[in-house]
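work.pdb follows (PDB, N, CA and C atoms):
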ATOM      1  N   MET S   1       0.846  -1.182   0.000
ATOM      2  CA  MET S   1       0.000   0.000   0.000
ATOM      3  C   MET S   1       0.889   1.242   0.000
ATOM      4  N   LEU S   2       0.474   2.267  -0.741
ATOM      5  CA  LEU S   2       1.185   3.536  -0.755
ATOM      6  C   LEU S   2       0.828   4.327   0.494
ATOM      7  N   HIS S   3       1.784   5.042   1.038
ATOM      8  CA  HIS S   3       1.528   5.848   2.225
ATOM      9  C   HIS S   3       1.743   7.312   1.903
ATOM     10  N   ARG S   4       0.823   8.136   2.390
ATOM     11  CA  ARG S   4       0.901   9.591   2.212
ATOM     12  C   ARG S   4       1.085   9.976   0.748
ATOM     13  N   HIS S   5       0.375   9.315  -0.111
ATOM     14  CA  HIS S   5       0.455   9.603  -1.530
ATOM     15  C   HIS S   5      -0.843  10.226  -2.019
ATOM     16  N   THR S   6      -0.685  11.031  -3.037
ATOM     17  CA  THR S   6      -1.823  11.666  -3.688
ATOM     18  C   THR S   6      -1.932  11.124  -5.103
ATOM     19  N   VAL S   7      -3.143  10.769  -5.488
ATOM     20  CA  VAL S   7      -3.417  10.320  -6.846
ATOM     21  C   VAL S   7      -4.417  11.292  -7.454
ATOM     22  N   GLY S   8      -4.109  11.791  -8.629
ATOM     23  CA  GLY S   8      -5.018  12.657  -9.363
ATOM     24  C   GLY S   8      -5.695  11.878 -10.469
ATOM     25  N   ILE S   9      -6.957  12.176 -10.679
ATOM     26  CA  ILE S   9      -7.706  11.551 -11.770
ATOM     27  C   ILE S   9      -8.310  12.655 -12.618
ATOM     28  N   ILE S  10      -7.945  12.667 -13.892
ATOM     29  CA  ILE S  10      -8.493  13.649 -14.828
ATOM     30  C   ILE S  10      -9.621  12.971 -15.578
ATOM     31  N   GLY S  11     -10.825  13.451 -15.358
ATOM     32  CA  GLY S  11     -12.016  12.891 -15.988
ATOM     33  C   GLY S  11     -12.850  12.130 -14.969
ATOM     34  N   THR S  12     -14.074  12.584 -14.740
ATOM     35  CA  THR S  12     -14.936  11.930 -13.751
ATOM     36  C   THR S  12     -16.110  11.222 -14.422
ATOM     37  N   GLY S  13     -15.861  10.680 -15.601
ATOM     38  CA  GLY S  13     -16.875   9.860 -16.263
ATOM     39  C   GLY S  13     -16.861   8.467 -15.663
ATOM     40  N   GLN S  14     -17.401   7.520 -16.378
ATOM     41  CA  GLN S  14     -17.513   6.160 -15.851
ATOM     42  C   GLN S  14     -16.150   5.538 -15.561
ATOM     43  N   VAL S  15     -15.200   5.708 -16.448
ATOM     44  CA  VAL S  15     -13.878   5.107 -16.248
ATOM     45  C   VAL S  15     -13.141   5.791 -15.106
ATOM     46  N   GLY S  16     -13.172   7.101 -15.081
ATOM     47  CA  GLY S  16     -12.494   7.839 -14.013
ATOM     48  C   GLY S  16     -13.044   7.519 -12.643
ATOM     49  N   MET S  17     -14.363   7.405 -12.541
ATOM     50  CA  MET S  17     -14.952   7.126 -11.239
ATOM     51  C   MET S  17     -14.801   5.666 -10.845
ATOM     52  N   ALA S  18     -14.708   4.778 -11.816
ATOM     53  CA  ALA S  18     -14.406   3.381 -11.489
ATOM     54  C   ALA S  18     -13.004   3.299 -10.896
ATOM     55  N   ALA S  19     -12.064   4.019 -11.486
ATOM     56  CA  ALA S  19     -10.694   4.049 -10.960
ATOM     57  C   ALA S  19     -10.667   4.679  -9.575
ATOM     58  N   ALA S  20     -11.368   5.790  -9.408
ATOM     59  CA  ALA S  20     -11.400   6.473  -8.111
ATOM     60  C   ALA S  20     -12.002   5.575  -7.036
ATOM     61  N   SER S  21     -13.079   4.910  -7.356
ATOM     62  CA  SER S  21     -13.726   4.019  -6.388
ATOM     63  C   SER S  21     -12.806   2.873  -5.988
ATOM     64  N   ALA S  22     -12.131   2.287  -6.956
ATOM     65  CA  ALA S  22     -11.225   1.179  -6.663
ATOM     66  C   ALA S  22     -10.064   1.646  -5.784
ATOM     67  N   LEU S  23      -9.473   2.780  -6.119
ATOM     68  CA  LEU S  23      -8.370   3.312  -5.320
ATOM     69  C   LEU S  23      -8.827   3.642  -3.905
ATOM     70  N   PHE S  24     -10.006   4.211  -3.800
ATOM     71  CA  PHE S  24     -10.563   4.603  -2.502
ATOM     72  C   PHE S  24     -10.839   3.368  -1.641
ATOM     73  N   GLN S  25     -11.521   2.396  -2.209
ATOM     74  CA  GLN S  25     -11.899   1.206  -1.453
ATOM     75  C   GLN S  25     -10.690   0.365  -1.060
ATOM     76  N   GLN S  26      -9.663   0.363  -1.894
ATOM     77  CA  GLN S  26      -8.468  -0.424  -1.593
ATOM     78  C   GLN S  26      -7.446   0.346  -0.758
ATOM     79  N   ARG S  27      -7.797   1.593  -0.425
ATOM     80  CA  ARG S  27      -6.933   2.433   0.421
ATOM     81  C   ARG S  27      -5.544   2.607  -0.195
ATOM     82  N   ILE S  28      -5.515   2.820  -1.489
ATOM     83  CA  ILE S  28      -4.251   2.936  -2.216
ATOM     84  C   ILE S  28      -3.545   4.261  -1.920
ATOM     85  N   ALA S  29      -4.290   5.331  -1.726
ATOM     86  CA  ALA S  29      -3.692   6.639  -1.491
ATOM     87  C   ALA S  29      -4.448   7.362  -0.376
ATOM     88  N   ASN S  30      -3.772   8.299   0.249
ATOM     89  CA  ASN S  30      -4.413   9.091   1.297
ATOM     90  C   ASN S  30      -5.298  10.175   0.714
ATOM     91  N   GLU S  31      -4.988  10.602  -0.501
ATOM     92  CA  GLU S  31      -5.752  11.687  -1.105
ATOM     93  C   GLU S  31      -6.005  11.397  -2.576
ATOM     94  N   LEU S  32      -7.223  11.643  -3.003
ATOM     95  CA  LEU S  32      -7.598  11.588  -4.413
ATOM     96  C   LEU S  32      -8.048  12.983  -4.818
ATOM     97  N   ILE S  33      -7.554  13.441  -5.936
ATOM     98  CA  ILE S  33      -7.977  14.735  -6.486
ATOM     99  C   ILE S  33      -8.654  14.463  -7.813
ATOM    100  N   LEU S  34      -9.910  14.858  -7.920
ATOM    101  CA  LEU S  34     -10.693  14.650  -9.133
ATOM    102  C   LEU S  34     -10.750  15.940  -9.929
ATOM    103  N   VAL S  35     -10.363  15.876 -11.190
ATOM    104  CA  VAL S  35     -10.360  17.046 -12.068
ATOM    105  C   VAL S  35     -11.255  16.751 -13.261
ATOM    106  N   ASP S  36     -12.141  17.680 -13.557
ATOM    107  CA  ASP S  36     -13.037  17.520 -14.703
ATOM    108  C   ASP S  36     -13.408  18.906 -15.215
ATOM    109  N   LEU S  37     -13.727  18.993 -16.507
ATOM    110  CA  LEU S  37     -14.216  20.269 -17.046
ATOM    111  C   LEU S  37     -15.458  20.723 -16.299
ATOM    112  N   ASP S  38     -16.279  19.781 -15.903
ATOM    113  CA  ASP S  38     -17.476  20.071 -15.120
ATOM    114  C   ASP S  38     -17.108  19.988 -13.635
ATOM    115  N   ARG S  39     -16.681  21.098 -13.087
ATOM    116  CA  ARG S  39     -16.205  21.140 -11.698
ATOM    117  C   ARG S  39     -17.271  20.654 -10.714
ATOM    118  N   ARG S  40     -18.514  21.006 -10.963
ATOM    119  CA  ARG S  40     -19.593  20.590 -10.055
ATOM    120  C   ARG S  40     -19.742  19.070 -10.040
ATOM    121  N   ARG S  41     -19.567  18.442 -11.188
ATOM    122  CA  ARG S  41     -19.637  16.982 -11.223
ATOM    123  C   ARG S  41     -18.511  16.378 -10.393
ATOM    124  N   ALA S  42     -17.301  16.915 -10.560
ATOM    125  CA  ALA S  42     -16.156  16.422  -9.784
ATOM    126  C   ALA S  42     -16.405  16.609  -8.288
ATOM    127  N   GLU S  43     -16.986  17.731  -7.902
ATOM    128  CA  GLU S  43     -17.293  17.974  -6.488
ATOM    129  C   GLU S  43     -18.320  16.970  -5.972
ATOM    130  N   GLY S  44     -19.345  16.707  -6.758
ATOM    131  CA  GLY S  44     -20.369  15.747  -6.353
ATOM    132  C   GLY S  44     -19.807  14.342  -6.222
ATOM    133  N   GLU S  45     -18.964  13.941  -7.166
ATOM    134  CA  GLU S  45     -18.353  12.611  -7.105
ATOM    135  C   GLU S  45     -17.437  12.497  -5.889
ATOM    136  N   ALA S  46     -16.709  13.569  -5.592
ATOM    137  CA  ALA S  46     -15.828  13.565  -4.419
ATOM    138  C   ALA S  46     -16.654  13.413  -3.136
ATOM    139  N   MET S  47     -17.759  14.134  -3.048
ATOM    140  CA  MET S  47     -18.620  14.020  -1.864
ATOM    141  C   MET S  47     -19.191  12.621  -1.725
ATOM    142  N   ASP S  48     -19.593  12.018  -2.846
ATOM    143  CA  ASP S  48     -20.120  10.649  -2.805
ATOM    144  C   ASP S  48     -19.090   9.683  -2.209
ATOM    145  N   LEU S  49     -17.853   9.794  -2.664
ATOM    146  CA  LEU S  49     -16.817   8.914  -2.133
ATOM    147  C   LEU S  49     -16.551   9.212  -0.654
ATOM    148  N   MET S  50     -16.539  10.471  -0.284
ATOM    149  CA  MET S  50     -16.268  10.832   1.110
ATOM    150  C   MET S  50     -17.323  10.281   2.065
ATOM    151  N   HIS S  51     -18.538  10.077   1.578
ATOM    152  CA  HIS S  51     -19.584   9.514   2.436
ATOM    153  C   HIS S  51     -19.266   8.078   2.848
ATOM    154  N   ALA S  52     -18.375   7.416   2.141
ATOM    155  CA  ALA S  52     -17.998   6.042   2.469
ATOM    156  C   ALA S  52     -16.747   5.985   3.336
ATOM    157  N   GLN S  53     -16.302   7.118   3.816
ATOM    158  CA  GLN S  53     -15.079   7.178   4.595
ATOM    159  C   GLN S  53     -15.130   6.288   5.837
ATOM    160  N   GLY S  54     -16.295   6.097   6.408
ATOM    161  CA  GLY S  54     -16.437   5.250   7.587
ATOM    162  C   GLY S  54     -16.029   3.810   7.331
ATOM    163  N   TYR S  55     -16.069   3.388   6.084
ATOM    164  CA  TYR S  55     -15.717   2.015   5.727
ATOM    165  C   TYR S  55     -14.227   1.829   5.426
ATOM    166  N   VAL S  56     -13.575   2.889   5.000
ATOM    167  CA  VAL S  56     -12.183   2.746   4.545
ATOM    168  C   VAL S  56     -11.186   3.505   5.421
ATOM    169  N   GLY S  57     -11.646   4.247   6.368
ATOM    170  CA  GLY S  57     -10.749   5.046   7.194
ATOM    171  C   GLY S  57     -10.545   6.425   6.596
ATOM    172  N   ARG S  58      -9.696   7.172   7.228
ATOM    173  CA  ARG S  58      -9.497   8.561   6.829
ATOM    174  C   ARG S  58      -8.789   8.655   5.483
ATOM    175  N   ARG S  59      -9.506   9.128   4.533
ATOM    176  CA  ARG S  59      -8.993   9.405   3.195
ATOM    177  C   ARG S  59      -9.594  10.735   2.780
ATOM    178  N   ARG S  60      -8.873  11.470   1.973
ATOM    179  CA  ARG S  60      -9.382  12.743   1.485
ATOM    180  C   ARG S  60      -9.662  12.611   0.003
ATOM    181  N   VAL S  61     -10.855  13.013  -0.394
ATOM    182  CA  VAL S  61     -11.220  13.052  -1.804
ATOM    183  C   VAL S  61     -11.766  14.442  -2.060
ATOM    184  N   ARG S  62     -11.244  15.101  -3.076
ATOM    185  CA  ARG S  62     -11.701  16.455  -3.367
ATOM    186  C   ARG S  62     -11.619  16.741  -4.852
ATOM    187  N   ALA S  63     -12.406  17.712  -5.259
ATOM    188  CA  ALA S  63     -12.321  18.210  -6.633
ATOM    189  C   ALA S  63     -11.175  19.209  -6.673
ATOM    190  N   GLY S  64     -10.521  19.289  -7.796
ATOM    191  CA  GLY S  64      -9.414  20.217  -7.920
ATOM    192  C   GLY S  64      -9.236  20.694  -9.343
ATOM    193  N   ASP S  65      -8.167  21.422  -9.538
ATOM    194  CA  ASP S  65      -7.781  21.929 -10.846
ATOM    195  C   ASP S  65      -6.453  21.280 -11.246
ATOM    196  N   TYR S  66      -6.025  21.528 -12.462
ATOM    197  CA  TYR S  66      -4.780  20.938 -12.930
ATOM    198  C   TYR S  66      -3.603  21.331 -12.033
ATOM    199  N   ALA S  67      -3.603  22.547 -11.529
ATOM    200  CA  ALA S  67      -2.515  22.995 -10.660
ATOM    201  C   ALA S  67      -2.428  22.150  -9.392
ATOM    202  N   ASP S  68      -3.552  21.625  -8.930
ATOM    203  CA  ASP S  68      -3.562  20.798  -7.718
ATOM    204  C   ASP S  68      -2.863  19.458  -7.925
ATOM    205  N   LEU S  69      -2.640  19.087  -9.163
ATOM    206  CA  LEU S  69      -2.005  17.800  -9.464
ATOM    207  C   LEU S  69      -0.479  17.867  -9.442
ATOM    208  N   ALA S  70       0.073  19.060  -9.214
ATOM    209  CA  ALA S  70       1.527  19.246  -9.269
ATOM    210  C   ALA S  70       2.266  18.350  -8.279
ATOM    211  N   ASP S  71       1.692  18.106  -7.118
ATOM    212  CA  ASP S  71       2.368  17.292  -6.104
ATOM    213  C   ASP S  71       1.882  15.852  -6.069
ATOM    214  N   ALA S  72       1.024  15.476  -7.010
ATOM    215  CA  ALA S  72       0.516  14.101  -7.045
ATOM    216  C   ALA S  72       1.626  13.157  -7.486
ATOM    217  N   GLN S  73       1.671  12.004  -6.852
ATOM    218  CA  GLN S  73       2.657  11.010  -7.240
ATOM    219  C   GLN S  73       2.222  10.258  -8.503
ATOM    220  N   ILE S  74       0.920  10.157  -8.694
ATOM    221  CA  ILE S  74       0.365   9.471  -9.860
ATOM    222  C   ILE S  74      -0.793  10.300 -10.396
ATOM    223  N   VAL S  75      -0.873  10.442 -11.711
ATOM    224  CA  VAL S  75      -2.018  11.087 -12.354
ATOM    225  C   VAL S  75      -2.577  10.107 -13.383
ATOM    226  N   ILE S  76      -3.851   9.834 -13.262
ATOM    227  CA  ILE S  76      -4.536   8.917 -14.170
ATOM    228  C   ILE S  76      -5.385   9.757 -15.117
ATOM    229  N   PHE S  77      -5.160   9.588 -16.398
ATOM    230  CA  PHE S  77      -5.868  10.368 -17.414
ATOM    231  C   PHE S  77      -6.979   9.513 -18.006
ATOM    232  N   THR S  78      -8.234   9.857 -17.698
ATOM    233  CA  THR S  78      -9.371   9.099 -18.232
ATOM    234  C   THR S  78     -10.295   9.969 -19.067
ATOM    235  N   SER S  79      -9.942  11.215 -19.237
ATOM    236  CA  SER S  79     -10.789  12.141 -19.971
ATOM    237  C   SER S  79     -10.799  11.790 -21.449
ATOM    238  N   GLY S  80     -11.912  11.993 -22.080
ATOM    239  CA  GLY S  80     -12.008  11.702 -23.505
ATOM    240  C   GLY S  80     -13.313  12.203 -24.077
ATOM    241  N   VAL S  81     -13.685  11.651 -25.192
ATOM    242  CA  VAL S  81     -14.934  12.017 -25.852
ATOM    243  C   VAL S  81     -15.646  10.735 -26.267
ATOM    244  N   GLY S  82     -16.931  10.813 -26.383
ATOM    245  CA  GLY S  82     -17.710   9.652 -26.820
ATOM    246  C   GLY S  82     -17.656   9.480 -28.321
ATOM    247  N   GLN S  83     -17.766   8.249 -28.743
ATOM    248  CA  GLN S  83     -17.761   7.949 -30.174
ATOM    249  C   GLN S  83     -19.121   8.280 -30.768
ATOM    250  N   ALA S  84     -19.120   9.081 -31.823
ATOM    251  CA  ALA S  84     -20.354   9.446 -32.515
ATOM    252  C   ALA S  84     -20.855   8.256 -33.337
ATOM    253  N   SER S  85     -22.135   8.199 -33.538
ATOM    254  CA  SER S  85     -22.726   7.123 -34.323
ATOM    255  C   SER S  85     -22.125   7.110 -35.727
ATOM    256  N   GLY S  86     -21.587   5.971 -36.122
ATOM    257  CA  GLY S  86     -20.999   5.834 -37.449
ATOM    258  C   GLY S  86     -19.587   6.373 -37.569
ATOM    259  N   GLU S  87     -19.036   6.879 -36.495
ATOM    260  CA  GLU S  87     -17.690   7.450 -36.539
ATOM    261  C   GLU S  87     -16.641   6.343 -36.585
ATOM    262  N   TYR S  88     -15.649   6.536 -37.423
ATOM    263  CA  TYR S  88     -14.542   5.587 -37.496
ATOM    264  C   TYR S  88     -13.640   5.749 -36.280
ATOM    265  N   ARG S  89     -13.000   4.650 -35.862
ATOM    266  CA  ARG S  89     -12.156   4.669 -34.666
ATOM    267  C   ARG S  89     -10.969   5.626 -34.826
ATOM    268  N   LEU S  90     -10.446   5.746 -36.036
ATOM    269  CA  LEU S  90      -9.325   6.659 -36.251
ATOM    270  C   LEU S  90      -9.757   8.108 -36.031
ATOM    271  N   SER S  91     -10.948   8.437 -36.452
ATOM    272  CA  SER S  91     -11.479   9.778 -36.220
ATOM    273  C   SER S  91     -11.657  10.032 -34.724
ATOM    274  N   LEU S  92     -12.177   9.043 -34.026
ATOM    275  CA  LEU S  92     -12.335   9.146 -32.571
ATOM    276  C   LEU S  92     -10.977   9.344 -31.905
ATOM    277  N   LEU S  93      -9.987   8.582 -32.333
ATOM    278  CA  LEU S  93      -8.644   8.705 -31.777
ATOM    279  C   LEU S  93      -8.099  10.118 -31.982
ATOM    280  N   ASN S  94      -8.334  10.696 -33.146
ATOM    281  CA  ASN S  94      -7.877  12.059 -33.411
ATOM    282  C   ASN S  94      -8.550  13.063 -32.477
ATOM    283  N   ARG S  95      -9.831  12.882 -32.215
ATOM    284  CA  ARG S  95     -10.528  13.793 -31.298
ATOM    285  C   ARG S  95     -10.028  13.627 -29.862
ATOM    286  N   ILE S  96      -9.772  12.403 -29.445
ATOM    287  CA  ILE S  96      -9.247  12.157 -28.100
ATOM    288  C   ILE S  96      -7.837  12.736 -27.969
ATOM    289  N   THR S  97      -7.036  12.601 -29.029
ATOM    290  CA  THR S  97      -5.689  13.169 -29.031
ATOM    291  C   THR S  97      -5.743  14.684 -28.864
ATOM    292  N   ALA S  98      -6.703  15.329 -29.486
ATOM    293  CA  ALA S  98      -6.866  16.773 -29.350
ATOM    294  C   ALA S  98      -7.190  17.149 -27.901
ATOM    295  N   VAL S  99      -8.041  16.362 -27.256
ATOM    296  CA  VAL S  99      -8.363  16.607 -25.846
ATOM    297  C   VAL S  99      -7.110  16.454 -24.992
ATOM    298  N   PHE S 100      -6.379  15.388 -25.220
ATOM    299  CA  PHE S 100      -5.158  15.155 -24.455
ATOM    300  C   PHE S 100      -4.168  16.290 -24.628
ATOM    301  N   ARG S 101      -3.997  16.761 -25.836
ATOM    302  CA  ARG S 101      -3.047  17.854 -26.086
ATOM    303  C   ARG S 101      -3.454  19.125 -25.349
ATOM    304  N   ARG S 102      -4.748  19.430 -25.346
ATOM    305  CA  ARG S 102      -5.232  20.624 -24.621
ATOM    306  C   ARG S 102      -4.934  20.497 -23.132
ATOM    307  N   ILE S 103      -5.172  19.336 -22.572
ATOM    308  CA  ILE S 103      -4.967  19.147 -21.136
ATOM    309  C   ILE S 103      -3.483  19.106 -20.800
ATOM    310  N   ALA S 104      -2.709  18.403 -21.601
ATOM    311  CA  ALA S 104      -1.271  18.273 -21.320
ATOM    312  C   ALA S 104      -0.542  19.604 -21.383
ATOM    313  N   ALA S 105      -1.035  20.499 -22.219
ATOM    314  CA  ALA S 105      -0.386  21.821 -22.336
ATOM    315  C   ALA S 105      -0.465  22.553 -21.016
TER
END
Can you present the structure in this file as structure tokens?
Amino acid sequence: MLHRHTVGIIGTGQVGMAAASALFQQRIANELILVDLDRRRAEGEAMDLMHAQGYVGRRRVRAGDYADLADAQIVIFTSGVGQASGEYRLSLLNRITAVFRRIAA
């Protein structure tokens, strides 16, 4: 188990929250920082996880910004876009790459 570590998760969709839930339940890190374009969604997801704190012990889960990830030991990137009906996978990959480039900058 990691001790006194912070894990950041970019994207609070289904994949991001599955990762956050697994990390939280397995007590992998002391702090999780959730970052999403929809800040209110990230805040709501963080509160949902914090309500389970009685089961896993003291852990901190909060919504944050990219700057908050500077001291994270691990950052998990789950942000992306949904595939449009009839869209080719290469086109989807190009759109996801554009999202990644915007965030990485």
> For the atom pair CA of Thr78 in chain S and CA of Gly16 in chain S, what is the interatomic distance in Å to one decimal place?
Replying inline: 5.4 Å
>> Just checking: using only C-alpha atoms, which residue out of S:Leu32, S:Ala63, S:Ala18, S:Ile103 ends up closest to Thr6 in chain S?
In response: S:Leu32
>> Please determine, counting only C-alpha atoms, which residue among S:Leu92, S:Ala19, S:Val7, S:Ala46 has the shortest atom-to-atom distance to Glu31 in chain S.
In response: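 Of S:Leu92, S:Ala19, S:Val7, S:Ala46, the one nearest Glu31 in chain S is S:Val7, counting only C-alpha atoms.
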>> Expand the PyMOL selection byres ((chain S and resi 75) around 8) into the explicit residue set it covers here, and present it as a VMD selection string.
In response: chain S and resid 6 to 10 69 72 to 74 76 to 78
> Using the chain letters and numbers from this document, which residues of chain S does DSSP assign to alpha helix (DSSP H), as a PyMOL selection string?
Replying inline: chain S and resi 14-25+39-50+53-56+89-104
>> Residues within 7 Å of (-13.4, 10.6, -4.8), file coordinates, counting all atoms listed in the file: what are they? Give the list as a list in words.
In response: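 Within 7 Å of (-13.4, 10.6, -4.8), the protein and nucleic acid residues are Ala20, Ser21, Leu32, Ile33, Leu34, Glu45, Ala46, Met47, Asp48, Leu49, Met50, Arg60, Val61 and Arg62 of chain S.
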> When distances are computed from only C-alpha atoms, which of S:Phe24, S:Tyr66, S:Phe100, S:Tyr88 shows the smallest separation from Gly54 in chain S?
Replying inline: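 Using only C-alpha atoms, Gly54 in chain S sits closest to S:Phe24.
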Around all of range 24-40 of chain S's listed atoms, make the axis-aligned box with 4 Å on each side and tell me centre and edge lengths in Å to one decimal, as JSON.
{"center_x": -11.6, "center_y": 10.4, "center_z": -7.9, "size_x": 24.2, "size_y": 29.6, "size_z": 26.3}
